[in-house]
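S.K.: You'll find data_30.pdb just under this line, and it carries PDB, C-alpha atoms and all ligand atoms.
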```pdb
ATOM      1  CA  MET A   1     -10.917  12.050  16.924  1.00  0.00           C
ATOM      2  CA  LYS A   2      -8.895  10.166  14.329  1.00  0.00           C
ATOM      3  CA  ILE A   3      -9.657  10.689  10.641  1.00  0.00           C
ATOM      4  CA  ALA A   4      -9.499   8.221   7.748  1.00  0.00           C
ATOM      5  CA  PRO A   5     -10.259   9.792   4.339  1.00  0.00           C
ATOM      6  CA  SER A   6     -11.730   7.234   1.949  1.00  0.00           C
ATOM      7  CA  ILE A   7      -9.631   7.168  -1.232  1.00  0.00           C
ATOM      8  CA  LEU A   8     -12.610   5.781  -3.216  1.00  0.00           C
ATOM      9  CA  THR A   9     -13.753   9.290  -4.148  1.00  0.00           C
ATOM     10  CA  ALA A  10     -10.263  10.499  -5.187  1.00  0.00           C
ATOM     11  CA  ASP A  11      -9.229  11.298  -8.765  1.00  0.00           C
ATOM     12  CA  PHE A  12      -7.109   8.238  -9.602  1.00  0.00           C
ATOM     13  CA  THR A  13      -5.510   9.921 -12.630  1.00  0.00           C
ATOM     14  CA  LYS A  14      -3.531  12.012 -10.122  1.00  0.00           C
ATOM     15  CA  LEU A  15      -3.283   9.591  -7.248  1.00  0.00           C
ATOM     16  CA  LYS A  16       0.025  10.835  -5.811  1.00  0.00           C
ATOM     17  CA  LYS A  17      -1.237  14.437  -5.637  1.00  0.00           C
ATOM     18  CA  GLU A  18      -4.516  13.305  -4.108  1.00  0.00           C
ATOM     19  CA  LEU A  19      -2.627  11.372  -1.436  1.00  0.00           C
ATOM     20  CA  GLU A  20      -0.569  14.485  -0.611  1.00  0.00           C
ATOM     21  CA  THR A  21      -3.743  16.480   0.060  1.00  0.00           C
ATOM     22  CA  ILE A  22      -4.733  14.101   2.861  1.00  0.00           C
ATOM     23  CA  GLU A  23      -1.330  13.432   4.414  1.00  0.00           C
ATOM     24  CA  THR A  24      -2.325  15.090   7.706  1.00  0.00           C
ATOM     25  CA  ALA A  25      -4.952  12.395   8.303  1.00  0.00           C
ATOM     26  CA  ASP A  26      -4.344   9.440  10.613  1.00  0.00           C
ATOM     27  CA  TYR A  27      -5.105   6.725   8.059  1.00  0.00           C
ATOM     28  CA  ILE A  28      -6.056   6.244   4.414  1.00  0.00           C
ATOM     29  CA  HIS A  29      -9.294   4.247   4.223  1.00  0.00           C
ATOM     30  CA  VAL A  30      -9.163   1.855   1.254  1.00  0.00           C
ATOM     31  CA  ASP A  31     -12.495   0.382   0.083  1.00  0.00           C
ATOM     32  CA  ILE A  32     -12.250  -2.983  -1.659  1.00  0.00           C
ATOM     33  CA  MET A  33     -15.440  -4.160  -3.420  1.00  0.00           C
ATOM     34  CA  ASP A  34     -15.732  -7.426  -5.331  1.00  0.00           C
ATOM     35  CA  GLY A  35     -19.067  -7.082  -7.162  1.00  0.00           C
ATOM     36  CA  ASN A  36     -20.454 -10.017  -5.119  1.00  0.00           C
ATOM     37  CA  PHE A  37     -20.615  -8.932  -1.507  1.00  0.00           C
ATOM     38  CA  VAL A  38     -21.690  -5.488  -2.697  1.00  0.00           C
ATOM     39  CA  PRO A  39     -23.164  -4.413  -6.050  1.00  0.00           C
ATOM     40  CA  ASN A  40     -20.031  -2.522  -7.104  1.00  0.00           C
ATOM     41  CA  ILE A  41     -16.383  -3.182  -7.996  1.00  0.00           C
ATOM     42  CA  SER A  42     -13.634  -0.825  -6.873  1.00  0.00           C
ATOM     43  CA  PHE A  43     -10.029  -2.005  -7.270  1.00  0.00           C
ATOM     44  CA  GLY A  44      -7.694  -4.732  -6.034  1.00  0.00           C
ATOM     45  CA  PRO A  45      -4.225  -5.432  -4.602  1.00  0.00           C
ATOM     46  CA  ALA A  46      -2.264  -3.894  -7.535  1.00  0.00           C
ATOM     47  CA  ILE A  47      -3.827  -0.431  -7.195  1.00  0.00           C
ATOM     48  CA  THR A  48      -3.677  -0.708  -3.394  1.00  0.00           C
ATOM     49  CA  LYS A  49       0.053  -1.444  -3.702  1.00  0.00           C
ATOM     50  CA  GLN A  50       0.444   1.820  -5.623  1.00  0.00           C
ATOM     51  CA  ILE A  51      -1.458   3.643  -2.888  1.00  0.00           C
ATOM     52  CA  SER A  52       0.728   1.973  -0.259  1.00  0.00           C
ATOM     53  CA  GLN A  53       3.938   2.992  -2.059  1.00  0.00           C
ATOM     54  CA  ASN A  54       2.869   6.595  -2.547  1.00  0.00           C
ATOM     55  CA  THR A  55       1.886   7.563   0.981  1.00  0.00           C
ATOM     56  CA  LYS A  56       3.539   7.821   4.390  1.00  0.00           C
ATOM     57  CA  ASN A  57       0.135   7.263   6.007  1.00  0.00           C
ATOM     58  CA  LEU A  58      -1.021   3.998   7.481  1.00  0.00           C
ATOM     59  CA  LEU A  59      -3.651   2.059   5.523  1.00  0.00           C
ATOM     60  CA  ASP A  60      -7.060   1.121   6.872  1.00  0.00           C
ATOM     61  CA  ILE A  61      -8.312  -1.566   4.482  1.00  0.00           C
ATOM     62  CA  HIS A  62     -12.087  -2.175   4.326  1.00  0.00           C
ATOM     63  CA  LEU A  63     -12.785  -5.491   2.593  1.00  0.00           C
ATOM     64  CA  MET A  64     -16.309  -5.673   1.164  1.00  0.00           C
ATOM     65  CA  VAL A  65     -15.744  -9.081  -0.435  1.00  0.00           C
ATOM     66  CA  LEU A  66     -17.484 -12.445  -0.118  1.00  0.00           C
ATOM     67  CA  ASP A  67     -14.326 -14.484   0.570  1.00  0.00           C
ATOM     68  CA  PRO A  68     -11.886 -12.254   2.448  1.00  0.00           C
ATOM     69  CA  LEU A  69      -9.624 -15.134   3.518  1.00  0.00           C
ATOM     70  CA  LYS A  70      -8.020 -15.460   0.096  1.00  0.00           C
ATOM     71  CA  TRP A  71      -7.282 -11.727  -0.078  1.00  0.00           C
ATOM     72  CA  ILE A  72      -5.547 -11.062   3.253  1.00  0.00           C
ATOM     73  CA  ASP A  73      -1.991 -11.612   1.955  1.00  0.00           C
ATOM     74  CA  GLY A  74      -2.689  -9.410  -1.075  1.00  0.00           C
ATOM     75  CA  PHE A  75      -3.588  -6.457   1.141  1.00  0.00           C
ATOM     76  CA  THR A  76      -0.873  -6.896   3.773  1.00  0.00           C
ATOM     77  CA  PHE A  77       1.669  -4.133   3.078  1.00  0.00           C
ATOM     78  CA  SER A  78       4.304  -2.679   5.427  1.00  0.00           C
ATOM     79  CA  ASN A  79       1.944   0.228   6.167  1.00  0.00           C
ATOM     80  CA  THR A  80      -1.289  -1.789   6.506  1.00  0.00           C
ATOM     81  CA  GLU A  81      -2.491  -0.938  10.014  1.00  0.00           C
ATOM     82  CA  TYR A  82      -5.999  -2.460   9.922  1.00  0.00           C
ATOM     83  CA  ILE A  83      -7.769  -4.993   7.752  1.00  0.00           C
ATOM     84  CA  THR A  84     -11.508  -4.923   8.380  1.00  0.00           C
ATOM     85  CA  VAL A  85     -13.737  -7.752   7.201  1.00  0.00           C
ATOM     86  CA  HIS A  86     -17.505  -8.012   7.298  1.00  0.00           C
ATOM     87  CA  TYR A  87     -19.307 -10.199   9.804  1.00  0.00           C
ATOM     88  CA  GLU A  88     -21.616 -11.158   6.909  1.00  0.00           C
ATOM     89  CA  SER A  89     -18.785 -12.544   4.725  1.00  0.00           C
ATOM     90  CA  ASN A  90     -17.476 -16.159   4.626  1.00  0.00           C
ATOM     91  CA  ASN A  91     -15.007 -17.885   7.026  1.00  0.00           C
ATOM     92  CA  LEU A  92     -14.862 -15.083   9.588  1.00  0.00           C
ATOM     93  CA  ASP A  93     -12.945 -16.972  12.298  1.00  0.00           C
ATOM     94  CA  GLU A  94     -10.274 -18.272   9.940  1.00  0.00           C
ATOM     95  CA  THR A  95      -9.925 -14.851   8.342  1.00  0.00           C
ATOM     96  CA  ILE A  96      -9.369 -13.172  11.715  1.00  0.00           C
ATOM     97  CA  LYS A  97      -6.690 -15.747  12.499  1.00  0.00           C
ATOM     98  CA  LYS A  98      -4.975 -15.050   9.167  1.00  0.00           C
ATOM     99  CA  ILE A  99      -4.980 -11.269   9.681  1.00  0.00           C
ATOM    100  CA  LYS A 100      -3.365 -11.771  13.095  1.00  0.00           C
ATOM    101  CA  GLN A 101      -0.765 -14.150  11.639  1.00  0.00           C
ATOM    102  CA  ASN A 102       0.149 -11.358   9.215  1.00  0.00           C
ATOM    103  CA  LYS A 103       0.668  -9.039  12.220  1.00  0.00           C
ATOM    104  CA  VAL A 104      -2.052  -6.664  11.096  1.00  0.00           C
ATOM    105  CA  LYS A 105      -4.740  -5.241  13.382  1.00  0.00           C
ATOM    106  CA  VAL A 106      -8.194  -6.810  12.996  1.00  0.00           C
ATOM    107  CA  GLY A 107     -11.426  -4.951  12.327  1.00  0.00           C
ATOM    108  CA  ILE A 108     -14.941  -6.359  11.956  1.00  0.00           C
ATOM    109  CA  SER A 109     -17.758  -4.468  10.294  1.00  0.00           C
ATOM    110  CA  ILE A 110     -21.502  -4.910  10.329  1.00  0.00           C
ATOM    111  CA  LYS A 111     -23.962  -3.741   7.687  1.00  0.00           C
ATOM    112  CA  PRO A 112     -26.773  -1.390   8.778  1.00  0.00           C
ATOM    113  CA  GLU A 113     -29.347  -4.212   9.001  1.00  0.00           C
ATOM    114  CA  THR A 114     -27.162  -6.583  11.051  1.00  0.00           C
ATOM    115  CA  ASP A 115     -27.809  -6.890  14.803  1.00  0.00           C
ATOM    116  CA  LYS A 116     -25.061  -5.327  16.862  1.00  0.00           C
ATOM    117  CA  GLU A 117     -25.117  -8.237  19.345  1.00  0.00           C
ATOM    118  CA  VAL A 118     -23.583 -10.625  16.774  1.00  0.00           C
ATOM    119  CA  LEU A 119     -20.193  -9.046  17.495  1.00  0.00           C
ATOM    120  CA  LEU A 120     -20.301  -9.812  21.233  1.00  0.00           C
ATOM    121  CA  PRO A 121     -18.138 -12.985  21.052  1.00  0.00           C
ATOM    122  CA  TYR A 122     -15.476 -11.121  19.046  1.00  0.00           C
ATOM    123  CA  LEU A 123     -15.092  -7.864  20.938  1.00  0.00           C
ATOM    124  CA  LYS A 124     -12.427  -8.979  23.390  1.00  0.00           C
ATOM    125  CA  ASP A 125     -10.102 -10.096  20.577  1.00  0.00           C
ATOM    126  CA  ILE A 126     -10.334  -7.371  17.955  1.00  0.00           C
ATOM    127  CA  ASP A 127      -8.794  -3.928  17.403  1.00  0.00           C
ATOM    128  CA  LEU A 128     -11.604  -2.147  15.599  1.00  0.00           C
ATOM    129  CA  VAL A 129     -15.365  -2.235  15.164  1.00  0.00           C
ATOM    130  CA  LEU A 130     -16.518  -0.599  11.939  1.00  0.00           C
ATOM    131  CA  VAL A 131     -20.103   0.614  12.117  1.00  0.00           C
ATOM    132  CA  MET A 132     -21.523   1.107   8.622  1.00  0.00           C
ATOM    133  CA  SER A 133     -23.711   4.204   8.487  1.00  0.00           C
ATOM    134  CA  VAL A 134     -24.716   3.543   4.852  1.00  0.00           C
ATOM    135  CA  GLU A 135     -25.427   0.350   2.932  1.00  0.00           C
ATOM    136  CA  PRO A 136     -21.917  -0.650   1.749  1.00  0.00           C
ATOM    137  CA  GLY A 137     -21.103  -0.361  -1.954  1.00  0.00           C
ATOM    138  CA  PHE A 138     -20.993   3.320  -2.870  1.00  0.00           C
ATOM    139  CA  GLY A 139     -19.580   6.608  -1.675  1.00  0.00           C
ATOM    140  CA  GLY A 140     -21.708   9.736  -1.423  1.00  0.00           C
ATOM    141  CA  GLN A 141     -24.740   8.254   0.368  1.00  0.00           C
ATOM    142  CA  LYS A 142     -26.770   9.788   3.191  1.00  0.00           C
ATOM    143  CA  PHE A 143     -25.775   9.031   6.791  1.00  0.00           C
ATOM    144  CA  MET A 144     -28.176   6.647   8.587  1.00  0.00           C
ATOM    145  CA  ALA A 145     -28.954   7.904  12.090  1.00  0.00           C
ATOM    146  CA  SER A 146     -29.790   4.344  13.179  1.00  0.00           C
ATOM    147  CA  SER A 147     -26.019   3.723  13.343  1.00  0.00           C
ATOM    148  CA  LEU A 148     -25.660   6.049  16.354  1.00  0.00           C
ATOM    149  CA  ASP A 149     -27.222   3.573  18.736  1.00  0.00           C
ATOM    150  CA  LYS A 150     -24.654   0.954  17.639  1.00  0.00           C
ATOM    151  CA  MET A 151     -21.736   3.295  18.349  1.00  0.00           C
ATOM    152  CA  GLN A 152     -23.096   4.004  21.806  1.00  0.00           C
ATOM    153  CA  TYR A 153     -23.563   0.278  22.437  1.00  0.00           C
ATOM    154  CA  PHE A 154     -19.966  -0.578  21.470  1.00  0.00           C
ATOM    155  CA  SER A 155     -18.664   2.408  23.411  1.00  0.00           C
ATOM    156  CA  GLU A 156     -20.456   1.363  26.609  1.00  0.00           C
ATOM    157  CA  LEU A 157     -19.273  -2.230  26.288  1.00  0.00           C
ATOM    158  CA  LYS A 158     -15.742  -1.006  25.753  1.00  0.00           C
ATOM    159  CA  LYS A 159     -15.798   1.067  28.962  1.00  0.00           C
ATOM    160  CA  LYS A 160     -17.514  -1.617  31.005  1.00  0.00           C
ATOM    161  CA  ASN A 161     -15.152  -4.427  29.981  1.00  0.00           C
ATOM    162  CA  ASN A 162     -11.986  -2.452  29.388  1.00  0.00           C
ATOM    163  CA  TYR A 163     -11.818  -3.536  25.764  1.00  0.00           C
ATOM    164  CA  ASN A 164      -9.286  -1.997  23.417  1.00  0.00           C
ATOM    165  CA  TYR A 165     -11.009  -1.608  20.061  1.00  0.00           C
ATOM    166  CA  GLU A 166     -11.493   1.592  18.097  1.00  0.00           C
ATOM    167  CA  ILE A 167     -15.035   2.499  17.037  1.00  0.00           C
ATOM    168  CA  GLU A 168     -14.967   3.575  13.408  1.00  0.00           C
ATOM    169  CA  VAL A 169     -17.905   4.985  11.420  1.00  0.00           C
ATOM    170  CA  ASP A 170     -18.144   4.769   7.652  1.00  0.00           C
ATOM    171  CA  GLY A 171     -20.608   6.437   5.295  1.00  0.00           C
ATOM    172  CA  GLY A 172     -22.090   9.906   4.929  1.00  0.00           C
ATOM    173  CA  VAL A 173     -19.791  11.504   7.478  1.00  0.00           C
ATOM    174  CA  ASN A 174     -19.507  15.306   7.406  1.00  0.00           C
ATOM    175  CA  LEU A 175     -19.068  17.954  10.093  1.00  0.00           C
ATOM    176  CA  GLU A 176     -22.680  17.658  11.237  1.00  0.00           C
ATOM    177  CA  THR A 177     -23.032  13.848  11.256  1.00  0.00           C
ATOM    178  CA  GLY A 178     -19.441  13.506  12.509  1.00  0.00           C
ATOM    179  CA  LEU A 179     -20.380  15.495  15.611  1.00  0.00           C
ATOM    180  CA  LEU A 180     -23.242  13.072  16.317  1.00  0.00           C
ATOM    181  CA  CYS A 181     -20.802  10.157  15.937  1.00  0.00           C
ATOM    182  CA  ALA A 182     -18.342  11.803  18.322  1.00  0.00           C
ATOM    183  CA  LYS A 183     -21.093  12.294  20.916  1.00  0.00           C
ATOM    184  CA  ASN A 184     -21.985   8.610  20.613  1.00  0.00           C
ATOM    185  CA  GLY A 185     -18.491   7.226  21.141  1.00  0.00           C
ATOM    186  CA  ALA A 186     -16.882   7.021  17.701  1.00  0.00           C
ATOM    187  CA  THR A 187     -13.074   7.228  17.737  1.00  0.00           C
ATOM    188  CA  ILE A 188     -12.304   7.113  13.988  1.00  0.00           C
ATOM    189  CA  LEU A 189     -14.326   8.866  11.270  1.00  0.00           C
ATOM    190  CA  VAL A 190     -14.109   7.731   7.654  1.00  0.00           C
ATOM    191  CA  ALA A 191     -14.925  10.547   5.235  1.00  0.00           C
ATOM    192  CA  GLY A 192     -14.949  10.202   1.451  1.00  0.00           C
ATOM    193  CA  SER A 193     -17.063  12.590  -0.592  1.00  0.00           C
ATOM    194  CA  TYR A 194     -17.173  15.238   2.159  1.00  0.00           C
ATOM    195  CA  LEU A 195     -13.361  15.643   2.168  1.00  0.00           C
ATOM    196  CA  PHE A 196     -12.660  14.984  -1.506  1.00  0.00           C
ATOM    197  CA  ASN A 197     -15.223  17.555  -2.633  1.00  0.00           C
ATOM    198  CA  MET A 198     -13.465  20.210  -0.536  1.00  0.00           C
ATOM    199  CA  GLU A 199     -10.938  22.742  -1.841  1.00  0.00           C
ATOM    200  CA  ASP A 200      -8.940  22.731   1.386  1.00  0.00           C
ATOM    201  CA  ARG A 201      -8.839  19.132   2.570  1.00  0.00           C
ATOM    202  CA  LYS A 202      -6.274  19.866   5.267  1.00  0.00           C
ATOM    203  CA  LYS A 203      -8.766  22.246   6.861  1.00  0.00           C
ATOM    204  CA  GLY A 204     -11.533  19.674   6.397  1.00  0.00           C
ATOM    205  CA  ILE A 205      -9.490  17.042   8.214  1.00  0.00           C
ATOM    206  CA  GLU A 206      -8.685  19.511  11.019  1.00  0.00           C
ATOM    207  CA  GLY A 207     -12.372  20.336  11.438  1.00  0.00           C
ATOM    208  CA  LEU A 208     -13.363  16.688  11.782  1.00  0.00           C
ATOM    209  CA  ALA A 209     -10.408  15.930  14.057  1.00  0.00           C
ATOM    210  CA  CYS A 210     -11.601  18.584  16.544  1.00  0.00           C
ATOM    211  CA  LEU A 211     -14.964  16.883  17.084  1.00  0.00           C
ATOM    212  CA  LYS A 212     -15.568  15.386  20.490  1.00  0.00           C
TER     213      LYS A 212
HETATM  214  O1  LIG B   1     -17.243   1.799   2.574  1.00  0.00           O
HETATM  215  C1  LIG B   1     -17.682   2.705   1.914  1.00  0.00           C
HETATM  216  C2  LIG B   1     -18.861   2.481   1.015  1.00  0.00           C
HETATM  217  O2  LIG B   1     -19.224   1.160   1.073  1.00  0.00           O
HETATM  218  C3  LIG B   1     -16.999   4.067   1.928  1.00  0.00           C
HETATM  219  O3  LIG B   1     -15.897   4.016   2.810  1.00  0.00           O
HETATM  220  C4  LIG B   1     -17.917   5.184   2.352  1.00  0.00           C
HETATM  221  O4  LIG B   1     -19.087   5.205   1.613  1.00  0.00           O
HETATM  222  C5  LIG B   1     -17.205   6.512   2.334  1.00  0.00           C
HETATM  223  O5  LIG B   1     -17.745   7.399   1.425  1.00  0.00           O
HETATM  224  P1  LIG B   1     -18.636   8.668   1.828  1.00  0.00           P
HETATM  225  O6  LIG B   1     -17.930   9.381   2.949  1.00  0.00           O
HETATM  226  O7  LIG B   1     -18.702   9.429   0.568  1.00  0.00           O
HETATM  227  O8  LIG B   1     -19.976   8.133   2.283  1.00  0.00           O
HETATM  228 FE    FE B   2     -15.378   1.943   3.678  1.00  0.00          FE
END
```
Just give me the structure of the file as structure tokens.
Ligand SMILES: O=C(CO)[C@H](O)[C@H](O)COP(=O)(O)O
Ligand SMILES: [Fe+2]

M.R.:
Amino acid sequence: MKIAPSILTADFTKLKKELETIETADYIHVDIMDGNFVPNISFGPAITKQISQNTKNLLDIHLMVLDPLKWIDGFTFSNTEYITVHYESNNLDETIKKIKQNKVKVGISIKPETDKEVLLPYLKDIDLVLVMSVEPGFGGQKFMASSLDKMQYFSELKKKNNYNYEIEVDGGVNLETGLLCAKNGATILVAGSYLFNMEDRKKGIEGLACLK
């Protein structure tokens, strides 16, 4: 299992130190919220640039914005591995094209209420499916078990068709819910409050990484 700590819950007054505590993870998950697509604002390209310059980890950018197309260049750094956009946001096809032009891997996410089938036409061309297990907008929410069926669905389709995407889960992930995700085909776990509220984050990451 690959692990992507969500930097949203970090203490930004000591960003560099916070980044060091999660350096054993596979990715840093970076949540971008615009106050329109979700009822919250996080931070933008300038702060993300500081994150990018202060970590050796690869970045997994989660864009919760209404118009992602105009933000792709701003979040393309040398260590940006994935940019994930929401199916429910504007200009999806053009945005996917732009992410690929920037030589970044493409992720698509769906909100908890969105039908999983809407992603069918995209699955052969993308690198990551992000299953939201909370309503996007805030860290620290309770995991929604209804997301498990979606993971299983994308996992079965992946096997059947030999697709290449990762199946990432975001929201309310801890050791207990992470195990359920692992059993249902998840390959990357995002964890924010669970890891950042821990004394020993390295141990926390190890624990999640062992799940299968
Ligand atoms: O995209 C997100 C919220 O919209 C965050 O990545 C997610 O909530 C992670 O935080 P936590 O693990 O605390 O639930
Ligand atoms: Fe996220």

S.K.: Could I get the residue neighbourhood of ligand LIG 1 (chain B) at 8 Å, counting all atoms listed in the file, as a PyMOL selection string?

M.R.: chain A and resi 5-6+8-9+29-31+33+62+64+132+134-143+170-174+190-195

S.K.: Write a file of the selected residues as a tab-separated table (two decimals), in the frame of the given file, keeping C-alpha atoms.

M.R.:
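Ended up saving to out-v5.tsv:
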```tsv
chain	number	residue	atom	x	y	z
A	5	PRO	CA	-10.26	9.79	4.34
A	6	SER	CA	-11.73	7.23	1.95
A	8	LEU	CA	-12.61	5.78	-3.22
A	9	THR	CA	-13.75	9.29	-4.15
A	29	HIS	CA	-9.29	4.25	4.22
A	30	VAL	CA	-9.16	1.86	1.25
A	31	ASP	CA	-12.50	0.38	0.08
A	33	MET	CA	-15.44	-4.16	-3.42
A	62	HIS	CA	-12.09	-2.17	4.33
A	64	MET	CA	-16.31	-5.67	1.16
A	132	MET	CA	-21.52	1.11	8.62
A	134	VAL	CA	-24.72	3.54	4.85
A	135	GLU	CA	-25.43	0.35	2.93
A	136	PRO	CA	-21.92	-0.65	1.75
A	137	GLY	CA	-21.10	-0.36	-1.95
A	138	PHE	CA	-20.99	3.32	-2.87
A	139	GLY	CA	-19.58	6.61	-1.68
A	140	GLY	CA	-21.71	9.74	-1.42
A	141	GLN	CA	-24.74	8.25	0.37
A	142	LYS	CA	-26.77	9.79	3.19
A	143	PHE	CA	-25.78	9.03	6.79
A	170	ASP	CA	-18.14	4.77	7.65
A	171	GLY	CA	-20.61	6.44	5.30
A	172	GLY	CA	-22.09	9.91	4.93
A	173	VAL	CA	-19.79	11.50	7.48
A	174	ASN	CA	-19.51	15.31	7.41
A	190	VAL	CA	-14.11	7.73	7.65
A	191	ALA	CA	-14.92	10.55	5.24
A	192	GLY	CA	-14.95	10.20	1.45
A	193	SER	CA	-17.06	12.59	-0.59
A	194	TYR	CA	-17.17	15.24	2.16
A	195	LEU	CA	-13.36	15.64	2.17
```

S.K.: Using all atoms listed in the file, can you tell me which of A:Ile61, A:Leu180, A:Leu92, A:Ala10 comes closest to ligand FE 2 (chain B)?

M.R.: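 Residue with the minimum atom-to-atom distance to ligand FE 2 (chain B): A:Ile61.
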
S.K.: Would you list the contacts of A:Glu81 as an NGL selection string, taking every protein, DNA or RNA residue within 12 Å and counting all atoms listed in the file, but skipping same-chain residues closer than 5 positions in sequence?

M.R.: :A and (4 or 26-30 or 52 or 57-62 or 75-76 or 99-100 or 102-107 or 127-128)

S.K.: Identify which of the residues A:Lys159, A:Arg201, A:Lys98, A:His86 lies closest to ligand FE 2 (chain B), counting all atoms listed in the file when measuring atom-to-atom distances.

M.R.: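 Closest to ligand FE 2 (chain B), using all atoms listed in the file: A:His86.
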
S.K.: List the residues selected by the PyMOL selection byres (((chain A and resi 15) around 12) and not hetatm) in the file shown, writing them as an MDAnalysis selection string.

M.R.: chainID A and resid 7:14 16:22 47:48 50:55

S.K.: Counting only C-alpha atoms and all ligand atoms, which residue out of A:Leu120, A:Leu148, A:Leu208, A:Val131 sits closest to ligand FE 2 (chain B)?

M.R.: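 Result for the nearest residue to ligand FE 2 (chain B): A:Val131.
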
S.K.: Spell out the residues picked by the PyMOL selection byres (((chain A and resi 165) around 7) and not hetatm) here, as a ChimeraX atom specification.

M.R.: /A:126-129,163-164,166-167

S.K.: Of the candidates A:Lys183, A:Lys124, A:Lys111, A:Lys160, which one gets nearest to ligand FE 2 (chain B) if we count all atoms listed in the file?

M.R.: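 Ranked by minimum distance to ligand FE 2 (chain B), first place goes to A:Lys111.
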
S.K.: For each of A:Thr84, A:Thr95, A:Asn197, A:Ser89, take the minimum atom-to-atom distance to A:Lys70, counting only C-alpha atoms, then give the residue where this is smallest.

M.R.: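 The answer is A:Thr95, which sits nearest to A:Lys70.
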
S.K.: Give me the residues near A:Asp149 as a PyMOL selection string, where near means some atom within 10 Å (using all atoms listed in the file) and where sequence neighbours in that chain fewer than 3 positions away do not count.

M.R.: chain A and resi 116+145-146+152-155+181+184-185

S.K.: Env of A:Lys212: 12 Å cut, atoms = all atoms listed in the file, seq-sep filter 5 positions within chain, self excluded. Answer as a PyMOL selection string.

M.R.: chain A and resi 1-2+175-189+207

S.K.: Counting all atoms listed in the file, which of A:Gln101, A:Ser42, A:Ser78, A:Ser147 gets nearest to ligand FE 2 (chain B)?

M.R.: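 Among A:Gln101, A:Ser42, A:Ser78, A:Ser147, it is A:Ser42 that comes nearest to ligand FE 2 (chain B).
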
S.K.: Quick check, in Å to one decimal: how far apart do atom CA of A:Ile72 and atom CA of A:Thr114 lie?

M.R.: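 The value is 23.4 Å.
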
S.K.: State, in Å with one decimal place, the distance from atom CA of A:Lys202 to atom FE of ligand FE 2 (chain B).

M.R.: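 Between these atoms lies a distance of 20.2 Å.
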
S.K.: Give the centre and edge lengths of an axis-aligned box, in Å to one decimal, that holds all listed atoms of stretch 103-119 of chain A with 3 Å on each side, as AutoDock Vina command-line options.

M.R.:
```
--center_x -14.3 --center_y -6.0 --center_z 13.5 --size_x 36.0 --size_y 15.2 --size_z 17.7
```
